[in-house]
Every structure is written in structure tokens, then in C-alpha cells.
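Raw contents of target05.csv, CSV, C-alpha atoms:
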```csv
chain,number,residue,atom,x,y,z
H,1,LEU,CA,0.0,0.0,0.0
H,2,THR,CA,2.8,2.4,0.8
H,3,VAL,CA,4.5,1.8,-2.5
H,4,LEU,CA,1.3,2.1,-4.4
H,5,VAL,CA,0.5,5.4,-2.7
H,6,ALA,CA,4.0,6.6,-3.6
H,7,PHE,CA,3.2,6.0,-7.2
H,8,LEU,CA,-0.1,7.7,-6.9
H,9,LEU,CA,1.5,10.7,-5.1
H,10,ALA,CA,3.9,11.2,-8.0
H,11,ARG,CA,1.2,10.9,-10.6
H,12,THR,CA,-1.1,13.3,-8.7
H,13,LEU,CA,1.5,16.0,-8.2
H,14,PHE,CA,3.2,15.7,-11.6
H,15,PRO,CA,0.9,13.7,-13.9
H,16,GLY,CA,2.5,12.2,-17.0
H,17,ASP,CA,6.1,12.5,-15.7
H,18,ARG,CA,7.7,9.0,-16.2
H,19,PHE,CA,10.9,9.7,-14.2
H,20,LEU,CA,9.1,10.4,-11.0
H,21,ALA,CA,6.4,7.7,-11.6
H,22,VAL,CA,9.2,5.1,-11.7
H,23,THR,CA,11.8,6.4,-9.3
H,24,VAL,CA,9.6,7.5,-6.4
H,25,PRO,CA,7.8,4.2,-5.8
H,26,ALA,CA,11.1,2.4,-6.5
H,27,PHE,CA,12.9,4.4,-3.8
H,28,VAL,CA,10.2,3.5,-1.3
H,29,ALA,CA,10.0,-0.2,-2.3
H,30,PHE,CA,13.7,-0.7,-2.1
H,31,GLN,CA,14.5,1.4,0.9
H,32,PRO,CA,15.9,-1.4,3.0
H,33,GLN,CA,14.8,-0.2,6.4
H,34,VAL,CA,11.2,0.4,5.2
H,35,SER,CA,11.2,-3.2,3.9
H,36,TYR,CA,12.6,-4.3,7.2
H,37,GLU,CA,9.7,-2.7,9.0
H,38,ALA,CA,7.2,-4.1,6.5
H,39,ALA,CA,8.6,-7.6,7.1
H,40,MET,CA,7.4,-7.6,10.7
H,41,VAL,CA,3.9,-7.6,12.1
H,42,ASN,CA,4.0,-4.3,14.0
H,43,ASN,CA,2.4,-0.9,14.2
H,44,ASP,CA,5.2,0.9,12.5
H,45,ILE,CA,4.5,-0.1,9.0
H,46,VAL,CA,0.8,0.5,9.5
H,47,ALA,CA,1.6,4.0,10.6
H,48,ILE,CA,3.8,4.5,7.6
H,49,ALA,CA,1.1,3.3,5.2
H,50,LEU,CA,-1.6,5.4,6.8
H,51,THR,CA,0.5,8.6,6.9
H,52,SER,CA,1.4,8.0,3.3
H,53,LEU,CA,-2.3,7.8,2.5
H,54,ILE,CA,-2.9,11.1,4.4
H,55,VAL,CA,0.0,12.9,2.6
H,56,TRP,CA,-1.4,11.7,-0.8
H,57,GLY,CA,-4.8,13.0,0.2
H,58,LEU,CA,-3.3,16.4,1.2
H,59,ILE,CA,-1.7,16.8,-2.2
H,60,ALA,CA,-5.0,15.9,-3.9
H,61,GLY,CA,-6.8,18.3,-1.6
H,62,ILE,CA,-4.5,21.2,-2.4
H,63,LYS,CA,-5.2,20.5,-6.1
H,64,GLU,CA,-9.0,20.3,-5.6
H,65,ARG,CA,-9.4,22.8,-2.7
H,66,PHE,CA,-10.3,20.1,-0.3
H,67,PRO,CA,-13.8,18.9,-1.0
H,68,LEU,CA,-15.7,17.8,2.1
H,69,ARG,CA,-15.7,14.1,1.2
H,70,LEU,CA,-11.9,14.1,1.0
H,71,CYS,CA,-11.7,15.9,4.3
H,72,ALA,CA,-13.9,13.2,5.9
H,73,ALA,CA,-11.6,10.5,4.4
H,74,LEU,CA,-8.6,12.3,5.8
H,75,GLY,CA,-10.3,12.4,9.2
H,76,VAL,CA,-10.8,8.7,9.2
H,77,ALA,CA,-7.3,8.0,8.1
H,78,LEU,CA,-5.9,10.3,10.8
H,79,GLY,CA,-8.0,8.6,13.4
H,80,LEU,CA,-6.7,5.2,12.4
H,81,ASP,CA,-3.2,6.6,12.2
H,82,LEU,CA,-3.5,7.8,15.8
H,83,LEU,CA,-4.7,4.4,16.9
H,84,SER,CA,-1.7,2.8,15.2
H,85,LYS,CA,1.0,5.1,16.7
H,86,ALA,CA,0.8,8.1,18.9
H,87,THR,CA,3.5,9.9,16.9
H,88,ALA,CA,0.8,10.4,14.2
H,89,ILE,CA,-0.2,13.5,16.1
H,90,THR,CA,2.6,15.2,14.2
H,91,VAL,CA,0.5,14.8,11.1
H,92,ALA,CA,-2.1,17.2,12.5
H,93,PRO,CA,-0.1,20.5,11.9
H,94,ILE,CA,0.7,19.2,8.4
H,95,ILE,CA,-3.0,18.8,7.7
H,96,ALA,CA,-3.6,22.3,9.0
H,97,ALA,CA,-0.9,23.8,6.9
H,98,ALA,CA,-2.2,22.0,3.8
H,99,LEU,CA,-5.7,23.3,4.4
H,100,VAL,CA,-4.5,26.9,4.7
H,101,LEU,CA,-2.5,26.5,1.5
H,102,GLY,CA,-5.3,24.7,-0.4
H,103,VAL,CA,-8.2,26.8,0.7
H,104,GLY,CA,-6.6,30.1,1.5
H,105,TRP,CA,-6.3,31.8,4.9
H,106,ARG,CA,-8.9,34.5,4.0
H,107,ASP,CA,-11.7,31.8,3.7
H,108,TRP,CA,-11.8,31.2,7.5
H,109,ARG,CA,-15.3,29.8,7.3
H,110,GLY,CA,-14.2,27.2,4.8
H,111,LEU,CA,-11.1,26.4,6.9
H,112,LEU,CA,-13.2,25.9,10.0
H,113,THR,CA,-15.7,23.7,8.2
H,114,ARG,CA,-13.0,21.5,6.7
H,115,GLY,CA,-11.1,21.4,9.9
H,116,ALA,CA,-14.1,20.2,11.7
H,117,VAL,CA,-14.8,17.5,9.0
H,118,VAL,CA,-11.3,16.3,9.4
H,119,GLY,CA,-11.1,16.6,13.2
H,120,ILE,CA,-14.4,15.1,14.3
H,121,PRO,CA,-13.9,11.5,12.9
H,122,ALA,CA,-10.3,11.6,13.9
H,123,VAL,CA,-11.3,12.3,17.5
H,124,LEU,CA,-14.2,9.9,17.6
H,125,LEU,CA,-12.0,7.0,16.3
H,126,SER,CA,-9.0,7.6,18.6
H,127,ALA,CA,-10.5,9.1,21.8
H,128,PRO,CA,-11.5,5.8,23.4
H,129,TRP,CA,-8.0,4.4,23.2
H,130,TYR,CA,-6.3,7.6,24.6
H,131,LEU,CA,-8.9,7.8,27.4
H,132,PHE,CA,-8.0,4.2,28.3
H,133,LEU,CA,-4.3,5.2,28.3
H,134,TYR,CA,-5.0,8.2,30.6
H,135,ARG,CA,-7.1,6.1,33.0
H,136,THR,CA,-4.5,3.3,33.1
H,137,TYR,CA,-1.2,5.3,33.1
H,138,GLY,CA,-2.1,8.8,34.0
H,139,ASP,CA,-1.1,10.3,30.6
H,140,PHE,CA,-2.0,9.8,27.0
H,141,SER,CA,1.0,7.7,26.0
H,142,GLY,CA,2.3,5.7,28.9
H,143,LEU,CA,5.8,7.1,28.3
H,144,ALA,CA,6.0,8.5,31.9
H,145,ARG,CA,5.9,4.9,33.1
H,146,VAL,CA,8.5,3.9,30.5
H,147,GLN,CA,10.8,6.6,31.9
H,148,GLU,CA,10.4,5.2,35.4
H,149,LEU,CA,11.0,1.5,34.4
H,150,GLN,CA,13.8,2.1,31.9
H,151,TYR,CA,16.1,4.2,34.1
H,152,TRP,CA,18.9,3.6,31.6
H,153,ASN,CA,17.0,5.0,28.7
H,154,GLY,CA,17.5,8.6,29.6
H,155,PRO,CA,17.7,11.9,27.6
H,156,MET,CA,20.3,12.2,24.9
H,157,GLY,CA,20.5,16.0,25.3
H,158,THR,CA,18.5,19.2,24.9
H,159,PHE,CA,16.5,19.9,21.7
H,160,PHE,CA,19.0,22.3,20.2
H,161,GLU,CA,22.0,20.2,21.3
H,162,LEU,CA,20.6,17.2,19.3
H,163,LEU,CA,19.6,19.4,16.4
H,164,SER,CA,23.2,20.5,15.9
H,165,ASP,CA,24.9,17.3,17.1
H,166,PRO,CA,26.9,15.7,14.2
H,167,GLU,CA,26.9,12.3,16.0
H,168,PHE,CA,23.2,12.4,16.4
H,169,ILE,CA,22.7,13.2,12.7
H,170,VAL,CA,25.1,10.6,11.5
H,171,ASN,CA,23.6,7.9,13.7
H,172,ARG,CA,20.1,8.7,12.3
H,173,PHE,CA,21.5,8.3,8.8
H,174,ARG,CA,23.1,5.0,9.7
H,175,GLU,CA,19.7,3.8,11.0
H,176,THR,CA,17.9,5.0,8.0
H,177,TRP,CA,19.8,2.5,5.8
H,178,GLY,CA,21.1,-0.2,8.1
H,179,GLU,CA,21.6,-1.0,11.8
H,180,PHE,CA,19.1,-3.9,11.4
H,181,GLY,CA,18.1,-6.1,14.4
H,182,TRP,CA,18.1,-3.4,17.0
H,183,ARG,CA,21.5,-1.9,15.8
H,184,GLN,CA,23.2,-5.3,15.5
H,185,ILE,CA,24.0,-5.2,11.8
H,186,HIS,CA,26.2,-2.3,10.9
H,187,LEU,CA,26.9,-1.2,7.3
H,188,ARG,CA,30.5,-0.4,6.5
H,189,PRO,CA,31.5,3.2,6.0
H,190,GLU,CA,32.3,2.6,2.3
H,191,LEU,CA,28.7,1.6,1.7
H,192,LEU,CA,27.3,4.4,3.7
H,193,TRP,CA,29.4,6.9,1.7
H,194,GLY,CA,28.1,5.2,-1.4
H,195,ILE,CA,24.6,6.0,-0.3
H,196,ALA,CA,25.3,9.5,1.2
H,197,ILE,CA,27.0,11.0,-1.9
H,198,PRO,CA,24.0,10.5,-4.3
H,199,THR,CA,21.6,11.5,-1.5
H,200,LEU,CA,23.5,14.8,-1.0
H,201,LEU,CA,23.5,15.4,-4.7
H,202,ALA,CA,19.8,15.0,-4.8
H,203,VAL,CA,19.5,17.4,-1.9
H,204,VAL,CA,21.6,19.9,-3.8
H,205,GLY,CA,19.4,19.4,-6.9
H,206,LEU,CA,16.3,20.0,-4.7
H,207,ALA,CA,17.8,23.2,-3.4
H,208,VAL,CA,18.5,24.3,-7.0
H,209,TYR,CA,15.0,23.4,-8.0
H,210,ALA,CA,13.5,25.3,-5.1
H,211,PHE,CA,15.5,28.5,-5.8
H,212,SER,CA,14.7,28.4,-9.5
H,213,ALA,CA,11.0,27.9,-8.8
H,214,TRP,CA,11.0,30.8,-6.3
H,215,ARG,CA,12.8,33.0,-8.9
H,216,GLY,CA,10.5,31.7,-11.7
H,217,THR,CA,13.4,30.5,-13.8
H,218,THR,CA,12.9,26.7,-13.7
H,219,GLY,CA,13.4,25.9,-17.3
H,220,SER,CA,11.4,25.5,-20.5
H,221,HIS,CA,7.7,25.7,-20.7
H,222,GLY,CA,7.6,22.2,-22.2
H,223,ASP,CA,8.6,20.6,-18.8
H,224,PRO,CA,5.7,20.9,-16.3
H,225,VAL,CA,7.8,19.6,-13.5
H,226,MET,CA,10.3,22.5,-14.0
H,227,ARG,CA,7.5,25.0,-14.4
H,228,PRO,CA,5.3,24.1,-11.4
H,229,GLU,CA,1.9,25.7,-11.0
H,230,PRO,CA,1.0,27.6,-7.8
H,231,TRP,CA,-0.9,24.6,-6.3
H,232,GLN,CA,2.1,22.3,-7.1
H,233,ARG,CA,4.4,24.7,-5.3
H,234,ASN,CA,2.1,24.6,-2.3
H,235,ALA,CA,2.1,20.8,-2.5
H,236,LEU,CA,5.9,20.7,-2.5
H,237,ILE,CA,5.9,23.0,0.6
H,238,VAL,CA,3.6,20.5,2.4
H,239,LEU,CA,5.9,17.6,1.5
H,240,PHE,CA,8.9,19.5,2.8
H,241,LEU,CA,7.1,20.4,6.0
H,242,THR,CA,6.1,16.7,6.4
H,243,CYS,CA,9.8,15.7,6.3
H,244,VAL,CA,10.9,18.6,8.6
H,245,VAL,CA,8.2,17.9,11.3
H,246,ALA,CA,8.9,14.1,11.2
H,247,TYR,CA,12.6,14.7,11.8
H,248,LEU,CA,12.1,17.3,14.5
H,249,ALA,CA,9.8,14.8,16.3
H,250,VAL,CA,12.7,12.4,16.4
H,251,VAL,CA,14.9,15.1,17.8
H,252,GLN,CA,12.2,15.9,20.4
H,253,PHE,CA,11.9,12.2,21.4
H,254,GLY,CA,15.7,12.2,22.0
H,255,THR,CA,15.3,14.8,24.7
H,256,SER,CA,13.5,12.2,26.8
H,257,PHE,CA,14.8,8.8,25.6
H,258,ALA,CA,18.2,7.5,24.4
H,259,LEU,CA,16.4,5.1,22.0
H,260,SER,CA,15.3,7.8,19.6
H,261,GLN,CA,15.5,6.1,16.2
H,262,ALA,CA,15.3,6.9,12.5
H,263,ARG,CA,12.3,4.6,12.0
H,264,TYR,CA,10.2,7.2,13.8
H,265,TYR,CA,10.3,9.5,10.8
H,266,PHE,CA,9.7,6.7,8.2
H,267,PRO,CA,6.0,7.8,7.9
H,268,ALA,CA,7.4,10.7,5.8
H,269,ILE,CA,9.2,8.3,3.4
H,270,ASN,CA,6.9,9.0,0.5
H,271,ALA,CA,7.3,12.8,0.9
H,272,GLY,CA,11.0,12.4,1.2
H,273,ALA,CA,11.3,10.1,-1.8
H,274,LEU,CA,9.5,12.5,-4.0
H,275,LEU,CA,11.5,15.5,-3.0
H,276,LEU,CA,14.8,13.6,-3.4
H,277,MET,CA,13.8,12.4,-6.9
H,278,VAL,CA,12.7,15.9,-7.9
H,279,GLY,CA,16.2,17.0,-6.9
H,280,LEU,CA,17.9,14.2,-8.8
H,281,ARG,CA,15.7,14.9,-11.8
H,282,THR,CA,16.7,18.6,-11.7
H,283,LEU,CA,20.4,17.7,-12.1
H,284,LEU,CA,19.8,15.3,-15.1
H,285,PRO,CA,19.5,16.7,-18.6
H,286,ARG,CA,16.2,15.8,-20.3
H,287,ALA,CA,17.9,13.3,-22.6
H,288,ALA,CA,19.5,11.5,-19.7
H,289,ARG,CA,16.3,11.0,-17.6
H,290,PRO,CA,15.1,7.7,-19.3
H,291,ALA,CA,18.5,6.1,-18.6
H,292,GLY,CA,18.6,7.8,-15.2
H,293,GLN,CA,15.4,6.2,-14.0
H,294,GLY,CA,16.7,2.8,-15.0
H,295,ILE,CA,20.0,3.5,-13.2
H,296,VAL,CA,18.1,4.6,-10.0
H,297,PHE,CA,16.0,1.4,-10.1
H,298,GLY,CA,18.9,-0.9,-10.8
H,299,THR,CA,21.1,0.7,-8.2
H,300,LEU,CA,18.4,0.3,-5.5
H,301,VAL,CA,18.0,-3.3,-6.4
H,302,LEU,CA,21.7,-3.8,-6.3
H,303,LEU,CA,21.9,-2.1,-2.9
H,304,ASN,CA,19.4,-4.5,-1.4
H,305,ILE,CA,21.3,-7.5,-2.9
H,306,VAL,CA,24.5,-6.2,-1.3
H,307,ILE,CA,22.9,-5.6,2.1
H,308,MET,CA,21.2,-9.0,2.1
H,309,THR,CA,24.2,-11.1,0.9
H,310,GLY,CA,26.9,-9.1,2.5
H,311,TYR,CA,25.4,-8.2,5.9
H,312,VAL,CA,22.0,-9.8,6.8
H,313,LEU,CA,22.5,-13.5,5.7
H,314,PRO,CA,26.1,-13.7,7.0
H,315,PHE,CA,24.9,-12.3,10.4
H,316,THR,CA,22.0,-14.7,10.7
H,317,SER,CA,24.2,-17.7,9.9
H,318,THR,CA,26.9,-16.8,12.4
H,319,VAL,CA,25.0,-15.7,15.5
H,320,ASP,CA,24.9,-18.4,18.3
H,321,GLU,CA,21.2,-18.1,18.9
H,322,PRO,CA,19.4,-16.5,15.9
H,323,SER,CA,16.3,-14.5,16.8
H,324,VAL,CA,14.6,-15.9,13.7
H,325,THR,CA,15.3,-19.6,14.1
H,326,TRP,CA,11.9,-20.5,12.7
H,327,THR,CA,13.0,-18.8,9.4
H,328,TRP,CA,16.2,-20.8,9.0
H,329,GLY,CA,14.9,-24.0,10.4
H,330,GLY,CA,17.3,-23.8,13.4
```
As C-alpha cells, what does this structure read like?
Amino acid sequence: LTVLVAFLLARTLFPGDRFLAVTVPAFVAFQPQVSYEAAMVNNDIVAIALTSLIVWGLIAGIKERFPLRLCAALGVALGLDLLSKATAITVAPIIAAALVLGVGWRDWRGLLTRGAVVGIPAVLLSAPWYLFLYRTYGDFSGLARVQELQYWNGPMGTFFELLSDPEFIVNRFRETWGEFGWRQIHLRPELLWGIAIPTLLAVVGLAVYAFSAWRGTTGSHGDPVMRPEPWQRNALIVLFLTCVVAYLAVVQFGTSFALSQARYYFPAINAGALLLMVGLRTLLPRAARPAGQGIVFGTLVLLNIVIMTGYVLPFTSTVDEPSVTWTWGG
């Protein structure tokens, strides 16, 4: 579902663009840690899928000025997302920002109406669970009890310390691509650099794209991606905000617990994938894009083969007591 929605997100925002239609879902499908989460029965991948649905709905809403039926669907998705994982509360300000950008801040009645249509089903669906948590633990998450029981799982630092801490940033990057099995399988620095360099290039390309779009000099009129319409610019802003809020939530979690992890911002994977691929597309000449999308796809497949054969399988065959003995017949 997450991969399908990644494809639909690219087609909704930039219909007809083959490069993004291929590379965005490919990036999500072959992102190894997202696959790792999807291979388990847990709430993380459910939250990733539901948040991906919400982000897609927000982009469609900006395009269509948020019809009420879409707002109701977003409210249901948000309620289910909140039932899956409490961190879904970070989606609420993204929805609010998208409504303002899609409807316009001057239409305050329209904003209030749409906000109510989103908020009421979300609250009705999720409220019983959070009331149960409050009655049971004294708060809406139970994390205060976790802090008492896991005395070793203390704060990593203050918010601004972690925000500017190179070690914190590097460790989150490592966890984004490796550190499988609760940080037991470490990727070698050479492989991490091989991932980091094209990622940084894509970020540079995105910055070039954003500056050019702001200046109104994003290329020829024959390329709709390079000449975004106002609603598309607003949609890209929402995708960027989704990534920023998701990362800041991980930083905030680190101010309370040492086990702040990259997987907590994976619900923003579709937004991040589209932005990175827009950046990569910006750096490629038009004639090179067909080959470029094939290279992106092939490189991602190769990365998974390298990680599986060079790291995961050797680890599971050498540990004394594999945690997945039922898989390997141990």
C-alpha cells in the first residue's frame, strides 16, 4: 500500500512524468529499512502506510481545494493513524498547513468547516484508546511509566543540542539505511558513503529546484515539473514540511529517551522520496532521464542484494542463537 501510494502521489503531483512515476515508488519499495519494518507484524509499517495515504490526500486536496468528502476521508485516516502510533499527532499540523495553502487563509469559514470535518472523525475514532491510556497510566502515551521503568533510557540531550549534534545526525543516517536487528548489523563506512553521496547530490538538486522555482526560472515551458503551477508549489511545501516535522519529532523524542531512532520518521518516506527524486531529476538533462530512472531502479535493487548477501545473511548464519530460528529451520 505504501509503494502504491508513492506511485499515486507522484502521478497526482506531476501527472505524466515518467521519471518520478518510476523512481519515487522504486525508492520506497527498495528502501531497506522500510522493507525491514514491512517484514514484521507491527504498528510501525501500519503508521507508515496510513500517513502515506494522508499525505497523498493532502496533495490531492490542495489541487481540488479540499472537497468535504476528501476531508472526511482524511479524518478517518488520521483517526486510524492515531490508533496505530501516537506519533501520528505530528500529522495534524501538516494537515492544518495544507488546508490553509489549499483553501486560503482568507476563507476562514471554509477552513473551520473543513477542519471540523477532518477533526471530528479523527477524535471519535481515537479518543476511546487515549482515554483508556490516561485512566491506566495517568497520561495519553504511557511514556512516563517507561521513563520510570527504563532508568537507563535517559535523555540524549536538549533539543538544540541534538539538532546540531553531528553524531546524532550521522547515527540517524546509519539507522535510515542499516543497523538492522536493534542496531546489531552495521553497514561499512564505504557503503554508507556510497549512499550518502548521491543523496547529498539529490538534496543539492532540490535546493537548485526550489531556488529556481522561487525565482520563476525553472526551465522551459515544455517541462511541467520544472514549471510548477501555484498549487504544485504549495504541495511541495507541504511535502517539505512533512519531512521537517517528522525529523524534529525524532529530535524531540531524543530529549526524553536514548532510544530515539530513525524509524520514527519513516512515515514521511513518500514525501522524502518524491523530494529527493525531484532534486535528482533537476540535475539530469532531459535526454538522460530515461536512462537515469533505469539507473536509479537498478542501483536500488543492487543495494538490497549487497545488504542481504553481505550483511544480513552472514549475520543470521553466524550468531549463536538467531532470533529468527523458525525462518532458518534452526
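Our summary of the geometry notes that atom CA of H:Gly194 is positioned 16.0 Å from atom CA of H:Glu179.
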Subject >> All residues 7 Å or closer to H:Val5, only C-alpha atoms, same chain fewer than 5 positions away omitted, as a list of chain:residue names >> reply: H:Ser52, H:Leu53, H:Trp56
Using C-alpha atoms, can you export the residues from the last selection as a PDB file, in the frame of the given file?
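As written to disk, again.pdb reads:
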```pdb
ATOM      1  CA  SER H  52       1.400   8.000   3.300  1.00  0.00           C
ATOM      2  CA  LEU H  53      -2.300   7.800   2.500  1.00  0.00           C
ATOM      3  CA  TRP H  56      -1.400  11.700  -0.800  1.00  0.00           C
TER       4      TRP H  56
END
```
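Counting from atom CA of H:Ala98, the distance to atom CA of H:Gly272 is 16.5 Å.
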Original post:
Rounded to one decimal in Å, what is the spacing between atom CA of H:Asp223 and atom CA of H:Phe7?
Top reply: 19.4 Å
**OP:** Find the residues near H:Leu124: any atom within 12 Å, counting all atoms listed in the file, skip ones fewer than 5 places away on the same chain, and give them as a PyMOL selection string.
**Re:** chain H and resi 75-80+82-83+116-119+129-131
Neighbours of H:Ala268 within 8 Å (all atoms listed in the file; same-chain residues fewer than 5 positions away dropped), as a PDB file with C-alpha atoms, in the frame of the given file?
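Below you can see out_14.pdb, which holds the result:
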```pdb
ATOM      1  CA  ILE H  48       3.800   4.500   7.600  1.00  0.00           C
ATOM      2  CA  THR H  51       0.500   8.600   6.900  1.00  0.00           C
ATOM      3  CA  SER H  52       1.400   8.000   3.300  1.00  0.00           C
ATOM      4  CA  THR H 242       6.100  16.700   6.400  1.00  0.00           C
ATOM      5  CA  CYS H 243       9.800  15.700   6.300  1.00  0.00           C
ATOM      6  CA  ALA H 246       8.900  14.100  11.200  1.00  0.00           C
TER       7      ALA H 246
END
```
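Each of H:Ala39, H:Ala291, H:Ala72, H:Leu300 was checked against H:Val123 using only C-alpha atoms; the smallest atom-to-atom distance is that of H:Ala72.
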Original post:
Counting only C-alpha atoms, which residues come within 12 Å of (6.6, -3.1, 4.5), with the point read in the file's coordinates, and could you list them as number ranges by chain?
Top reply: H: 1-4, 28-49, 266-267, 269
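Nearest to H:Leu276 of all the residues H:Phe240, H:Phe14, H:Phe66, H:Trp193 is H:Phe240, based on all atoms listed in the file.
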Determine, using all atoms listed in the file, which residues of stretch 172-240 of chain H have any atom at most 12 Å from an atom of stretch 101-115 of chain H, and tabulate each with its shortest atom pair and distance in Å to one decimal place, rows ordered by chain and then rising number, as a Markdown table.
```
| residue | atom | partner | partner_atom | distance |
| --- | --- | --- | --- | --- |
| H:Pro230 | CA | H:Leu101 | CA | 10.0 |
| H:Trp231 | CA | H:Gly102 | CA | 7.4 |
| H:Gln232 | CA | H:Gly102 | CA | 10.3 |
| H:Arg233 | CA | H:Leu101 | CA | 9.9 |
| H:Asn234 | CA | H:Leu101 | CA | 6.3 |
| H:Ala235 | CA | H:Leu101 | CA | 8.3 |
| H:Leu236 | CA | H:Leu101 | CA | 11.0 |
| H:Ile237 | CA | H:Leu101 | CA | 9.1 |
| H:Val238 | CA | H:Leu101 | CA | 8.6 |
```
**OP:** Write out as a PyMOL selection string which residues come within 9 Å of H:Leu259 when counting all atoms listed in the file, dropping same-chain ones fewer than 3 positions away.
**Re:** chain H and resi 153-156+253-254
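Each of H:Ser126, H:Leu239, H:Gly138, H:Ala287 was compared to H:Ile62 using all atoms listed in the file, and H:Leu239 turns out to be the nearest.
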Subject >> Nearest to H:Met226 by atom-to-atom distance, counting all atoms listed in the file, from H:Ala288, H:Leu99, H:Ala88, H:Ala213 >> reply: H:Ala213
Original post:
Counting all atoms listed in the file, which of H:Gly279, H:Gly181, H:Gly222, H:Pro128 gets nearest to H:Leu206?
Top reply: H:Gly279
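Closest approach to H:Leu8 from the set H:Trp182, H:Asn270, H:Ala122, H:Pro166 is made by H:Asn270, with distances taken over only C-alpha atoms.
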